[in-house]
>>> print(open('target-v4.cif').read())   # mmCIF, C-alpha atoms
data_model
loop_
_atom_site.group_PDB
_atom_site.id
_atom_site.type_symbol
_atom_site.label_atom_id
_atom_site.label_comp_id
_atom_site.auth_asym_id
_atom_site.auth_seq_id
_atom_site.Cartn_x
_atom_site.Cartn_y
_atom_site.Cartn_z
ATOM 1 C CA MET A 696 0.000 0.000 0.000
ATOM 2 C CA LEU A 697 2.867 2.411 0.714
ATOM 3 C CA ARG A 698 4.480 1.530 -2.578
ATOM 4 C CA GLU A 699 1.257 1.926 -4.574
ATOM 5 C CA SER A 700 0.522 5.288 -2.973
ATOM 6 C CA GLY A 701 3.954 6.640 -3.916
ATOM 7 C CA ILE A 702 4.910 7.428 -0.317
ATOM 8 C CA ILE A 703 8.088 5.365 -0.511
ATOM 9 C CA ASP A 704 9.221 7.316 -3.569
ATOM 10 C CA ARG A 705 8.870 10.571 -1.612
ATOM 11 C CA LEU A 706 10.984 9.513 1.359
ATOM 12 C CA GLY A 707 14.414 11.059 1.665
ATOM 13 C CA GLU A 708 17.599 9.141 2.338
ATOM 14 C CA ASN A 709 17.464 7.522 5.809
ATOM 15 C CA GLU A 710 13.831 8.657 6.204
ATOM 16 C CA ARG A 711 11.162 6.170 7.254
ATOM 17 C CA VAL A 712 7.474 6.070 8.030
ATOM 18 C CA VAL A 713 6.322 5.104 11.526
ATOM 19 C CA ALA A 714 3.468 2.633 11.189
ATOM 20 C CA ASP A 715 1.746 -0.270 12.837
ATOM 21 C CA SER A 716 2.319 -3.952 12.087
ATOM 22 C CA ASN A 717 0.296 -3.841 8.869
ATOM 23 C CA TYR A 718 3.328 -2.398 7.058
ATOM 24 C CA ALA A 719 5.983 -4.742 8.464
ATOM 25 C CA ASN A 720 6.723 -6.059 4.956
ATOM 26 C CA GLU A 721 8.365 -2.691 4.141
ATOM 27 C CA ALA A 722 10.439 -2.677 7.351
ATOM 28 C CA PRO A 723 13.140 -1.776 8.192
ATOM 29 C CA ASP A 724 14.084 -0.031 4.927
ATOM 30 C CA TYR A 725 11.048 2.244 4.703
ATOM 31 C CA VAL A 726 8.966 1.612 7.832
ATOM 32 C CA LEU A 727 9.555 1.542 11.564
ATOM 33 C CA CYS A 728 6.977 -0.674 13.203
ATOM 34 C CA PRO A 729 6.706 -2.617 16.479
ATOM 35 C CA GLN A 730 8.622 -5.569 15.009
ATOM 36 C CA THR A 731 11.597 -3.431 13.968
ATOM 37 C CA TRP A 732 11.686 -0.701 16.597
ATOM 38 C CA PRO A 733 14.648 -0.997 19.002
ATOM 39 C CA VAL A 734 13.411 -2.579 22.248
ATOM 40 C CA ASP A 735 15.230 -0.030 24.395
ATOM 41 C CA GLU A 736 13.198 2.746 22.762
ATOM 42 C CA ASP A 737 9.825 0.980 22.983
ATOM 43 C CA SER A 738 8.162 3.714 25.050
ATOM 44 C CA LEU A 739 9.207 6.378 22.518
ATOM 45 C CA PHE A 740 7.685 4.278 19.711
ATOM 46 C CA ARG A 741 4.408 4.088 21.630
ATOM 47 C CA GLU A 742 4.430 7.870 22.099
ATOM 48 C CA VAL A 743 5.091 8.451 18.390
ATOM 49 C CA LEU A 744 2.278 6.061 17.417
ATOM 50 C CA LEU A 745 -0.071 7.744 19.881
ATOM 51 C CA ARG A 746 0.752 11.149 18.416
ATOM 52 C CA SER A 747 0.123 9.802 14.924
ATOM 53 C CA GLU A 748 -3.244 8.425 16.009
ATOM 54 C CA GLN A 749 -4.126 11.790 17.574
ATOM 55 C CA ILE A 750 -3.441 13.588 14.292
ATOM 56 C CA LYS A 751 -5.500 11.047 12.342
ATOM 57 C CA GLY A 752 -8.320 11.455 14.849
ATOM 58 C CA HIS A 753 -8.213 15.225 14.501
ATOM 59 C CA LEU A 754 -8.235 15.001 10.710
ATOM 60 C CA LYS A 755 -11.326 12.787 10.852
ATOM 61 C CA THR A 756 -13.284 15.581 12.558
ATOM 62 C CA PHE A 757 -13.505 17.208 9.137
ATOM 63 C CA LYS A 758 -16.481 15.664 7.355
ATOM 64 C CA CYS A 759 -14.732 15.572 3.963
ATOM 65 C CA LEU A 760 -12.472 12.835 5.351
ATOM 66 C CA SER A 761 -15.151 10.638 6.882
ATOM 67 C CA GLY A 762 -17.642 8.654 4.929
ATOM 68 C CA ARG A 763 -17.792 8.435 1.165
ATOM 69 C CA PHE A 764 -16.247 11.294 -0.783
ATOM 70 C CA ARG A 765 -18.456 11.949 -3.806
ATOM 71 C CA HIS A 766 -16.022 13.874 -5.973
ATOM 72 C CA ASN A 767 -12.991 13.039 -8.082
ATOM 73 C CA ASP A 768 -9.526 12.192 -6.739
ATOM 74 C CA GLU A 769 -8.178 15.678 -7.411
ATOM 75 C CA LYS A 770 -10.858 17.284 -5.229
ATOM 76 C CA HIS A 771 -10.291 14.694 -2.521
ATOM 77 C CA ALA A 772 -6.548 15.404 -2.543
ATOM 78 C CA ALA A 773 -7.190 19.168 -2.396
ATOM 79 C CA CYS A 774 -9.577 18.752 0.560
ATOM 80 C CA PHE A 775 -7.122 16.502 2.384
ATOM 81 C CA ARG A 776 -4.269 18.978 1.856
ATOM 82 C CA ALA A 777 -6.491 21.811 3.100
ATOM 83 C CA VAL A 778 -7.396 19.888 6.254
ATOM 84 C CA VAL A 779 -3.730 19.097 6.921
ATOM 85 C CA VAL A 780 -2.771 22.757 6.440
ATOM 86 C CA ILE A 781 -5.589 23.910 8.748
ATOM 87 C CA THR A 782 -4.442 21.395 11.367
ATOM 88 C CA GLN A 783 -0.824 22.533 11.048
ATOM 89 C CA LEU A 784 -1.851 26.207 11.319
ATOM 90 C CA ALA A 785 -3.892 25.431 14.438
ATOM 91 C CA MET A 786 -0.867 23.754 16.021
ATOM 92 C CA ASP A 787 1.402 26.659 14.961
ATOM 93 C CA ASP A 788 -1.099 29.043 16.556
ATOM 94 C CA GLY A 789 -0.697 27.244 19.881
ATOM 95 C CA GLU A 790 -3.733 24.975 19.836
ATOM 96 C CA ARG A 791 -2.900 21.877 21.854
ATOM 97 C CA LEU A 792 -3.979 19.105 19.518
ATOM 98 C CA LEU A 793 -1.231 16.669 20.415
ATOM 99 C CA ARG A 794 0.674 15.241 23.303
ATOM 100 C CA VAL A 795 4.317 16.233 23.407
ATOM 101 C CA VAL A 796 6.657 13.374 22.525
ATOM 102 C CA ALA A 797 9.633 13.283 24.893
ATOM 103 C CA ASN A 798 13.111 12.375 23.691
#
>>> encode(input="target-v4.cif", output="structure tokens")
Amino acid sequence: MLRESGIIDRLGENERVVADSNYANEAPDYVLCPQTWPVDEDSLFREVLLRSEQIKGHLKTFKCLSGRFRHNDEKHAACFRAVVVITQLAMDDGERLLRVVAN
């Protein structure tokens, strides 16, 4: 699914996606998942996954991302980008949408 979506092609050198076990087949080259995450950093992985889930949950509050989208792919992509930008602007403006991930 990552390959088909083109995400892998957009990753920089030494850049990976943090994902759940569903993407283990692309690990460790392109994905960090529970099976490939260093055991000594397990709590950090859980925090990163939790933060990711929080962002996805926030994005789903916009109705254009829930349910069936009845327009073409270009409109869907434009709506998704707009929602991501709005979310990023809200975070930049100080809105506490996410937990802070500790190093």
>>> residues_around(input="target-v4.cif", residues="Val778 in chain A", least_positions_apart="4", cutoff="12 Å", atoms="only C-alpha atoms", output="number ranges by chain")
A: 750-751, 753-760, 771-774, 782-785
>>> atom_distance(input="target-v4.cif", atom1="CA of Arg711 in chain A", atom2="CA of Leu697 in chain A")
11.2 Å
>>> atom_distance(input="target-v4.cif", atom1="CA of Pro723 in chain A", atom2="CA of Ser747 in chain A")
18.7 Å
>>> resolve_selection(input="target-v4.cif", expression="the PyMOL selection byres ((chain A and resi 730) around 12)", output="mmCIF file with C-alpha atoms, keeping the file's coordinate frame")
data_model
loop_
_atom_site.group_PDB
_atom_site.id
_atom_site.type_symbol
_atom_site.label_atom_id
_atom_site.label_comp_id
_atom_site.auth_asym_id
_atom_site.auth_seq_id
_atom_site.Cartn_x
_atom_site.Cartn_y
_atom_site.Cartn_z
ATOM 1 C CA VAL A 713 6.322 5.104 11.526
ATOM 2 C CA ALA A 714 3.468 2.633 11.189
ATOM 3 C CA ASP A 715 1.746 -0.270 12.837
ATOM 4 C CA SER A 716 2.319 -3.952 12.087
ATOM 5 C CA ASN A 717 0.296 -3.841 8.869
ATOM 6 C CA TYR A 718 3.328 -2.398 7.058
ATOM 7 C CA ALA A 719 5.983 -4.742 8.464
ATOM 8 C CA ASN A 720 6.723 -6.059 4.956
ATOM 9 C CA GLU A 721 8.365 -2.691 4.141
ATOM 10 C CA ALA A 722 10.439 -2.677 7.351
ATOM 11 C CA PRO A 723 13.140 -1.776 8.192
ATOM 12 C CA VAL A 726 8.966 1.612 7.832
ATOM 13 C CA LEU A 727 9.555 1.542 11.564
ATOM 14 C CA CYS A 728 6.977 -0.674 13.203
ATOM 15 C CA PRO A 729 6.706 -2.617 16.479
ATOM 16 C CA THR A 731 11.597 -3.431 13.968
ATOM 17 C CA TRP A 732 11.686 -0.701 16.597
ATOM 18 C CA PRO A 733 14.648 -0.997 19.002
ATOM 19 C CA VAL A 734 13.411 -2.579 22.248
ATOM 20 C CA ASP A 737 9.825 0.980 22.983
ATOM 21 C CA PHE A 740 7.685 4.278 19.711
#
>>> atom_distance(input="target-v4.cif", atom1="CA of Val712 in chain A", atom2="CA of Tyr725 in chain A")
6.2 Å
